[in-house]
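One structure is given below, encoded as structure tokens.
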Amino acid sequence: MSETTTKLIYIGDPMCSWCYGIAPEITKVKDNYKDQLSYELIMGGLRPYNTQMMVELKDFLAHHWEEVNERSGQEFSYDILNSNDITYDTEPPSRATVVVRKIAPEKEMTFFKQVQIVFYLENKNMHLTESYQSILNDLDIDYDLFTKLFESAEMKNEVKLDFEKSQKMGIRSFPTLVLKHKDDLHLISNGYSTSDKIIQRIDNLLQN
């Protein structure tokens with residue numbers, strides 16, 4: 001089985017609550033296959049460039065967050081839902097993830113997961129580069145380089161390419177997992193799923 005032909009593609013968004021919910025399950029999947037699969041993370045673009053304030057979406061988001069908590073056990077802090085000066089624009093954390101992909105691609109998935117924790121548990125404003133500083137320090141990524149790239153036109157365009165790639169794949173909701181195997185793409189899961197179900201589906205495909 002070749003890494004070049006067998007790849008698990010994860011299409012998600014750092015501010016997608018179900019992506020946060022599935023994070024422990026994704027970790028179990030990666031641990032199960034270790035070096036058997038390669039991985040690709042695509043920023044799907046949940047609500048990029050959205051101008052609505054968090055408080056405007058409070059009831060809608062709170063309902064989803066409570067549902068994710070009940071299903072996955074992932075914890076949330078709800079204070080940010082009262083903010084009337086932070087927009088629910090998911091482009092900045094998506095762009096931040098693409099920046100880390102450029103600087104240290106092997107740390108991209110870990111960064112993506114940590115951004116979710118900083119947003120959902122610590123309720124930091126993910127439009128601000130300083131909100132990422134603790135994660136970058138933990139991952140030994142240069143903050144000044146990150147900031148320079150984060151604010152660059154190049155990275156703003158790069159994340160748009162991810163959004164377009166997701167759209168061309170026909171992906172409309174997150175998280176979505178797709179397995180590329182023997183040059184074919186197979187839908188593994190769309191929405192929340194447990195690691196057992198994901199692994200079973202992948203195993204069935206790998207046996208063919």
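Labels used: A, B, ... for chains in the order of the structure tokens, numbers from 1 for residues in each chain, and numbers from 1 for ligands as shown.
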
key: Close residues, A:Val115 itself excluded, 8 Å, only C-alpha atoms, min 4 positions apart in chain, as a PyMOL selection string   = chain A and resi 14+93+111+119+132+135

Contacts of stretch 84-90 of chain A at 10 Å (only C-alpha atoms; same-chain gap of 3+ positions) as a ChimeraX atom specification = /A:13-16,43-57,80-81,93-95,124-127

Distance query A:Val99 at most 12 Å, only C-alpha atoms, self and fewer than 5 positions along chain excluded, as a PyMOL selection string = chain A and resi 43+92-94+104-105+107-108+111-112+129+132+136+141-143+145-159

Based on the selection just made, write N, CA and C atoms of those residues as a CSV table (one decimal), in the first residue's frame.
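What ended up in part30.csv:
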chain,number,residue,atom,x,y,z
A,43,MET,N,-9.1,23.4,4.0
A,43,MET,CA,-10.0,24.3,4.6
A,43,MET,C,-11.3,24.5,3.8
A,92,PRO,N,-10.1,33.9,8.9
A,92,PRO,CA,-8.8,34.1,9.6
A,92,PRO,C,-8.2,32.9,10.2
A,93,PRO,N,-8.9,32.0,11.0
A,93,PRO,CA,-8.3,30.8,11.5
A,93,PRO,C,-8.0,29.8,10.4
A,94,SER,N,-8.8,29.8,9.3
A,94,SER,CA,-8.5,29.0,8.2
A,94,SER,C,-7.2,29.4,7.5
A,104,ALA,N,5.4,24.8,8.4
A,104,ALA,CA,5.7,23.5,9.0
A,104,ALA,C,4.6,22.5,8.7
A,105,PRO,N,4.5,22.0,7.5
A,105,PRO,CA,3.3,21.2,7.1
A,105,PRO,C,3.1,20.0,8.1
A,107,LYS,N,3.1,20.0,11.1
A,107,LYS,CA,2.4,20.5,12.4
A,107,LYS,C,1.0,21.0,12.1
A,108,GLU,N,0.6,21.0,10.8
A,108,GLU,CA,-0.7,21.6,10.4
A,108,GLU,C,-1.9,21.0,11.2
A,111,PHE,N,-1.9,22.0,14.8
A,111,PHE,CA,-2.3,23.5,15.0
A,111,PHE,C,-3.8,23.6,14.8
A,112,PHE,N,-4.3,23.0,13.8
A,112,PHE,CA,-5.8,23.0,13.5
A,112,PHE,C,-6.6,22.6,14.8
A,129,THR,N,-3.7,38.0,15.6
A,129,THR,CA,-2.5,37.0,15.5
A,129,THR,C,-2.1,36.6,16.9
A,132,TYR,N,-3.0,33.3,18.5
A,132,TYR,CA,-2.3,32.1,18.1
A,132,TYR,C,-1.0,31.9,18.8
A,136,LEU,N,1.6,28.7,18.7
A,136,LEU,CA,2.9,28.7,18.0
A,136,LEU,C,4.1,28.5,18.9
A,141,ILE,N,7.0,27.4,16.4
A,141,ILE,CA,6.9,28.1,15.2
A,141,ILE,C,7.1,29.6,15.4
A,142,ASP,N,7.9,30.2,14.6
A,142,ASP,CA,8.3,31.6,14.8
A,142,ASP,C,7.1,32.6,14.6
A,143,TYR,N,6.8,33.3,15.7
A,143,TYR,CA,5.6,34.2,15.7
A,143,TYR,C,5.6,35.3,14.7
A,145,LEU,N,7.4,35.4,11.9
A,145,LEU,CA,7.2,34.9,10.5
A,145,LEU,C,5.7,34.5,10.2
A,146,PHE,N,5.1,33.9,11.2
A,146,PHE,CA,3.7,33.6,11.1
A,146,PHE,C,2.8,34.9,10.8
A,147,THR,N,3.1,35.9,11.6
A,147,THR,CA,2.4,37.2,11.5
A,147,THR,C,2.6,37.8,10.1
A,148,LYS,N,3.8,37.8,9.6
A,148,LYS,CA,4.1,38.4,8.3
A,148,LYS,C,3.3,37.6,7.2
A,149,LEU,N,3.3,36.3,7.3
A,149,LEU,CA,2.6,35.5,6.3
A,149,LEU,C,1.1,35.6,6.5
A,150,PHE,N,0.6,35.7,7.7
A,150,PHE,CA,-0.8,35.7,8.0
A,150,PHE,C,-1.4,37.0,7.3
A,151,GLU,N,-0.7,38.1,7.3
A,151,GLU,CA,-1.2,39.4,6.8
A,151,GLU,C,-0.9,39.5,5.3
A,152,SER,N,-0.3,38.5,4.7
A,152,SER,CA,0.2,38.7,3.3
A,152,SER,C,-1.0,38.4,2.3
A,153,ALA,N,-0.9,39.0,1.2
A,153,ALA,CA,-1.9,38.7,0.1
A,153,ALA,C,-1.8,37.3,-0.4
A,154,GLU,N,-0.5,36.8,-0.4
A,154,GLU,CA,-0.3,35.4,-0.8
A,154,GLU,C,-1.1,34.4,0.0
A,155,MET,N,-1.1,34.5,1.3
A,155,MET,CA,-1.9,33.6,2.1
A,155,MET,C,-3.4,33.8,2.1
A,156,LYS,N,-3.8,35.1,1.9
A,156,LYS,CA,-5.2,35.3,1.7
A,156,LYS,C,-5.7,34.7,0.4
A,157,ASN,N,-4.9,34.6,-0.6
A,157,ASN,CA,-5.2,34.0,-1.8
A,157,ASN,C,-5.1,32.4,-1.7
A,158,GLU,N,-4.1,32.0,-0.9
A,158,GLU,CA,-3.9,30.6,-0.7
A,158,GLU,C,-5.1,29.9,-0.1
A,159,VAL,N,-5.7,30.6,1.0
A,159,VAL,CA,-6.8,30.0,1.6
A,159,VAL,C,-8.1,30.0,0.7

request  = Report the residues of stretch 30-135 of chain A whose backbone DSSP state falls under strand (DSSP E or B), written as a list in words.
outcome  =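 Here is the list: Ser38, Tyr39, Glu40, Leu41, Ile42, Met43, Met53 and Thr87 of chain A.
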
key: Test item: residues at most 10 Å from stretch 195-207 of chain A, only C-alpha atoms, excluding those fewer than 3 positions along its chain, as a VMD selection string   = chain A and resid 1 6 8 22 to 30 32 to 33 177 to 182 186 to 189 192

query = Between atom CA of A:Leu161 and atom CA of A:Ile42, what is the distance, to one decimal in Å?
reply =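 Taking atom CA of A:Leu161 and atom CA of A:Ile42, their separation equals 9.5 Å.
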
Would you mind writing down, as a PDB file with C-alpha atoms, in the first residue's frame, each residue of stretch 35-184 of chain A that DSSP on the backbone assigns to helix (DSSP H, G or I)?
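The result, stored in states_31.pdb:
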ATOM      1  CA  MET A  54     -21.220  36.394  17.480  1.00  0.00           C
ATOM      2  CA  VAL A  55     -24.106  37.767  19.562  1.00  0.00           C
ATOM      3  CA  GLU A  56     -26.333  37.874  16.459  1.00  0.00           C
ATOM      4  CA  LEU A  57     -25.857  34.113  16.059  1.00  0.00           C
ATOM      5  CA  LYS A  58     -25.975  33.340  19.773  1.00  0.00           C
ATOM      6  CA  ASP A  59     -29.105  31.157  19.829  1.00  0.00           C
ATOM      7  CA  PHE A  60     -28.203  29.349  16.613  1.00  0.00           C
ATOM      8  CA  LEU A  61     -24.628  28.593  17.691  1.00  0.00           C
ATOM      9  CA  ALA A  62     -25.494  27.728  21.298  1.00  0.00           C
ATOM     10  CA  HIS A  63     -27.944  25.084  20.078  1.00  0.00           C
ATOM     11  CA  HIS A  64     -25.284  23.488  17.859  1.00  0.00           C
ATOM     12  CA  TRP A  65     -22.589  23.664  20.519  1.00  0.00           C
ATOM     13  CA  GLU A  66     -24.850  21.993  23.073  1.00  0.00           C
ATOM     14  CA  GLU A  67     -25.634  19.246  20.572  1.00  0.00           C
ATOM     15  CA  VAL A  68     -21.932  18.695  19.851  1.00  0.00           C
ATOM     16  CA  ASN A  69     -21.214  18.552  23.581  1.00  0.00           C
ATOM     17  CA  GLU A  70     -23.927  15.941  24.137  1.00  0.00           C
ATOM     18  CA  ARG A  71     -22.774  13.782  21.229  1.00  0.00           C
ATOM     19  CA  SER A  72     -18.991  14.042  21.576  1.00  0.00           C
ATOM     20  CA  ASP A  79     -19.052  33.569  26.862  1.00  0.00           C
ATOM     21  CA  ILE A  80     -17.925  34.575  23.373  1.00  0.00           C
ATOM     22  CA  LEU A  81     -21.513  34.231  22.159  1.00  0.00           C
ATOM     23  CA  ASN A  82     -22.288  37.502  23.966  1.00  0.00           C
ATOM     24  CA  GLU A  91     -11.538  32.879   7.157  1.00  0.00           C
ATOM     25  CA  PRO A  92      -8.831  34.121   9.588  1.00  0.00           C
ATOM     26  CA  PRO A  93      -8.305  30.814  11.458  1.00  0.00           C
ATOM     27  CA  SER A  94      -8.500  28.950   8.153  1.00  0.00           C
ATOM     28  CA  ARG A  95      -5.812  31.264   6.766  1.00  0.00           C
ATOM     29  CA  ALA A  96      -3.751  30.769   9.930  1.00  0.00           C
ATOM     30  CA  THR A  97      -3.864  27.009   9.349  1.00  0.00           C
ATOM     31  CA  VAL A  98      -2.713  27.448   5.756  1.00  0.00           C
ATOM     32  CA  VAL A  99       0.158  29.624   7.011  1.00  0.00           C
ATOM     33  CA  VAL A 100       1.310  26.832   9.331  1.00  0.00           C
ATOM     34  CA  ARG A 101       0.982  24.392   6.430  1.00  0.00           C
ATOM     35  CA  LYS A 102       3.496  26.541   4.553  1.00  0.00           C
ATOM     36  CA  ILE A 103       5.901  26.967   7.472  1.00  0.00           C
ATOM     37  CA  PRO A 105       3.331  21.158   7.142  1.00  0.00           C
ATOM     38  CA  GLU A 106       3.905  18.300   9.575  1.00  0.00           C
ATOM     39  CA  LYS A 107       2.412  20.475  12.358  1.00  0.00           C
ATOM     40  CA  GLU A 108      -0.688  21.604  10.438  1.00  0.00           C
ATOM     41  CA  MET A 109      -3.153  19.088  11.910  1.00  0.00           C
ATOM     42  CA  THR A 110      -1.945  19.702  15.465  1.00  0.00           C
ATOM     43  CA  PHE A 111      -2.260  23.457  14.952  1.00  0.00           C
ATOM     44  CA  PHE A 112      -5.777  23.049  13.533  1.00  0.00           C
ATOM     45  CA  LYS A 113      -6.811  21.056  16.602  1.00  0.00           C
ATOM     46  CA  GLN A 114      -5.253  23.565  19.028  1.00  0.00           C
ATOM     47  CA  VAL A 115      -7.016  26.494  17.323  1.00  0.00           C
ATOM     48  CA  GLN A 116     -10.314  24.761  18.053  1.00  0.00           C
ATOM     49  CA  ILE A 117      -9.427  24.522  21.743  1.00  0.00           C
ATOM     50  CA  VAL A 118      -8.354  28.169  21.920  1.00  0.00           C
ATOM     51  CA  PHE A 119     -11.593  29.285  20.272  1.00  0.00           C
ATOM     52  CA  TYR A 120     -14.118  26.979  21.907  1.00  0.00           C
ATOM     53  CA  THR A 129      -2.513  37.037  15.531  1.00  0.00           C
ATOM     54  CA  GLU A 130      -1.783  37.230  19.269  1.00  0.00           C
ATOM     55  CA  SER A 131      -4.562  34.682  19.830  1.00  0.00           C
ATOM     56  CA  TYR A 132      -2.338  32.101  18.111  1.00  0.00           C
ATOM     57  CA  GLN A 133       0.878  32.967  19.965  1.00  0.00           C
ATOM     58  CA  SER A 134       0.623  30.320  22.692  1.00  0.00           C
ATOM     59  CA  ILE A 135      -0.033  27.606  20.112  1.00  0.00           C
ATOM     60  CA  LEU A 136       2.887  28.745  17.965  1.00  0.00           C
ATOM     61  CA  ASN A 137       5.162  28.779  21.014  1.00  0.00           C
ATOM     62  CA  ASP A 138       4.130  25.217  21.893  1.00  0.00           C
ATOM     63  CA  TYR A 143       5.555  34.156  15.683  1.00  0.00           C
ATOM     64  CA  ASP A 144       6.977  37.020  13.619  1.00  0.00           C
ATOM     65  CA  LEU A 145       7.188  34.872  10.504  1.00  0.00           C
ATOM     66  CA  PHE A 146       3.658  33.611  11.120  1.00  0.00           C
ATOM     67  CA  THR A 147       2.355  37.181  11.489  1.00  0.00           C
ATOM     68  CA  LYS A 148       4.092  38.364   8.332  1.00  0.00           C
ATOM     69  CA  LEU A 149       2.606  35.520   6.300  1.00  0.00           C
ATOM     70  CA  PHE A 150      -0.811  35.745   7.968  1.00  0.00           C
ATOM     71  CA  ALA A 153      -1.881  38.748   0.108  1.00  0.00           C
ATOM     72  CA  GLU A 154      -0.279  35.414  -0.800  1.00  0.00           C
ATOM     73  CA  MET A 155      -1.858  33.585   2.131  1.00  0.00           C
ATOM     74  CA  LYS A 156      -5.202  35.341   1.689  1.00  0.00           C
ATOM     75  CA  ASN A 157      -5.225  33.956  -1.826  1.00  0.00           C
ATOM     76  CA  GLU A 158      -3.930  30.556  -0.739  1.00  0.00           C
ATOM     77  CA  VAL A 159      -6.819  29.961   1.640  1.00  0.00           C
ATOM     78  CA  LYS A 160      -9.262  30.933  -1.118  1.00  0.00           C
ATOM     79  CA  LEU A 161      -7.775  28.124  -3.198  1.00  0.00           C
ATOM     80  CA  ASP A 162      -8.630  25.707  -0.389  1.00  0.00           C
ATOM     81  CA  PHE A 163     -12.219  26.968  -0.299  1.00  0.00           C
ATOM     82  CA  GLU A 164     -12.464  26.547  -4.074  1.00  0.00           C
ATOM     83  CA  LYS A 165     -10.981  23.050  -3.911  1.00  0.00           C
ATOM     84  CA  SER A 166     -13.611  22.018  -1.381  1.00  0.00           C
ATOM     85  CA  GLN A 167     -16.387  23.439  -3.560  1.00  0.00           C
ATOM     86  CA  LYS A 168     -15.080  21.656  -6.647  1.00  0.00           C
TER      87      LYS A 168
END

ask   = Could you state the separation of atom CA of A:Gly73 and atom CA of A:Tyr20 in Å, given to one decimal place?
value = 10.4 Å

ask   = From the list A:Ser83, A:Thr194, A:Asn208, A:Thr5, which residue is nearest A:Tyr39 when using only C-alpha atoms?
value = A:Thr5

ask   = Any idea what the distance is between atom CA of A:Asp35 and atom CA of A:Leu185?
value =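 Computing it gives 19.7 Å between the two atoms.
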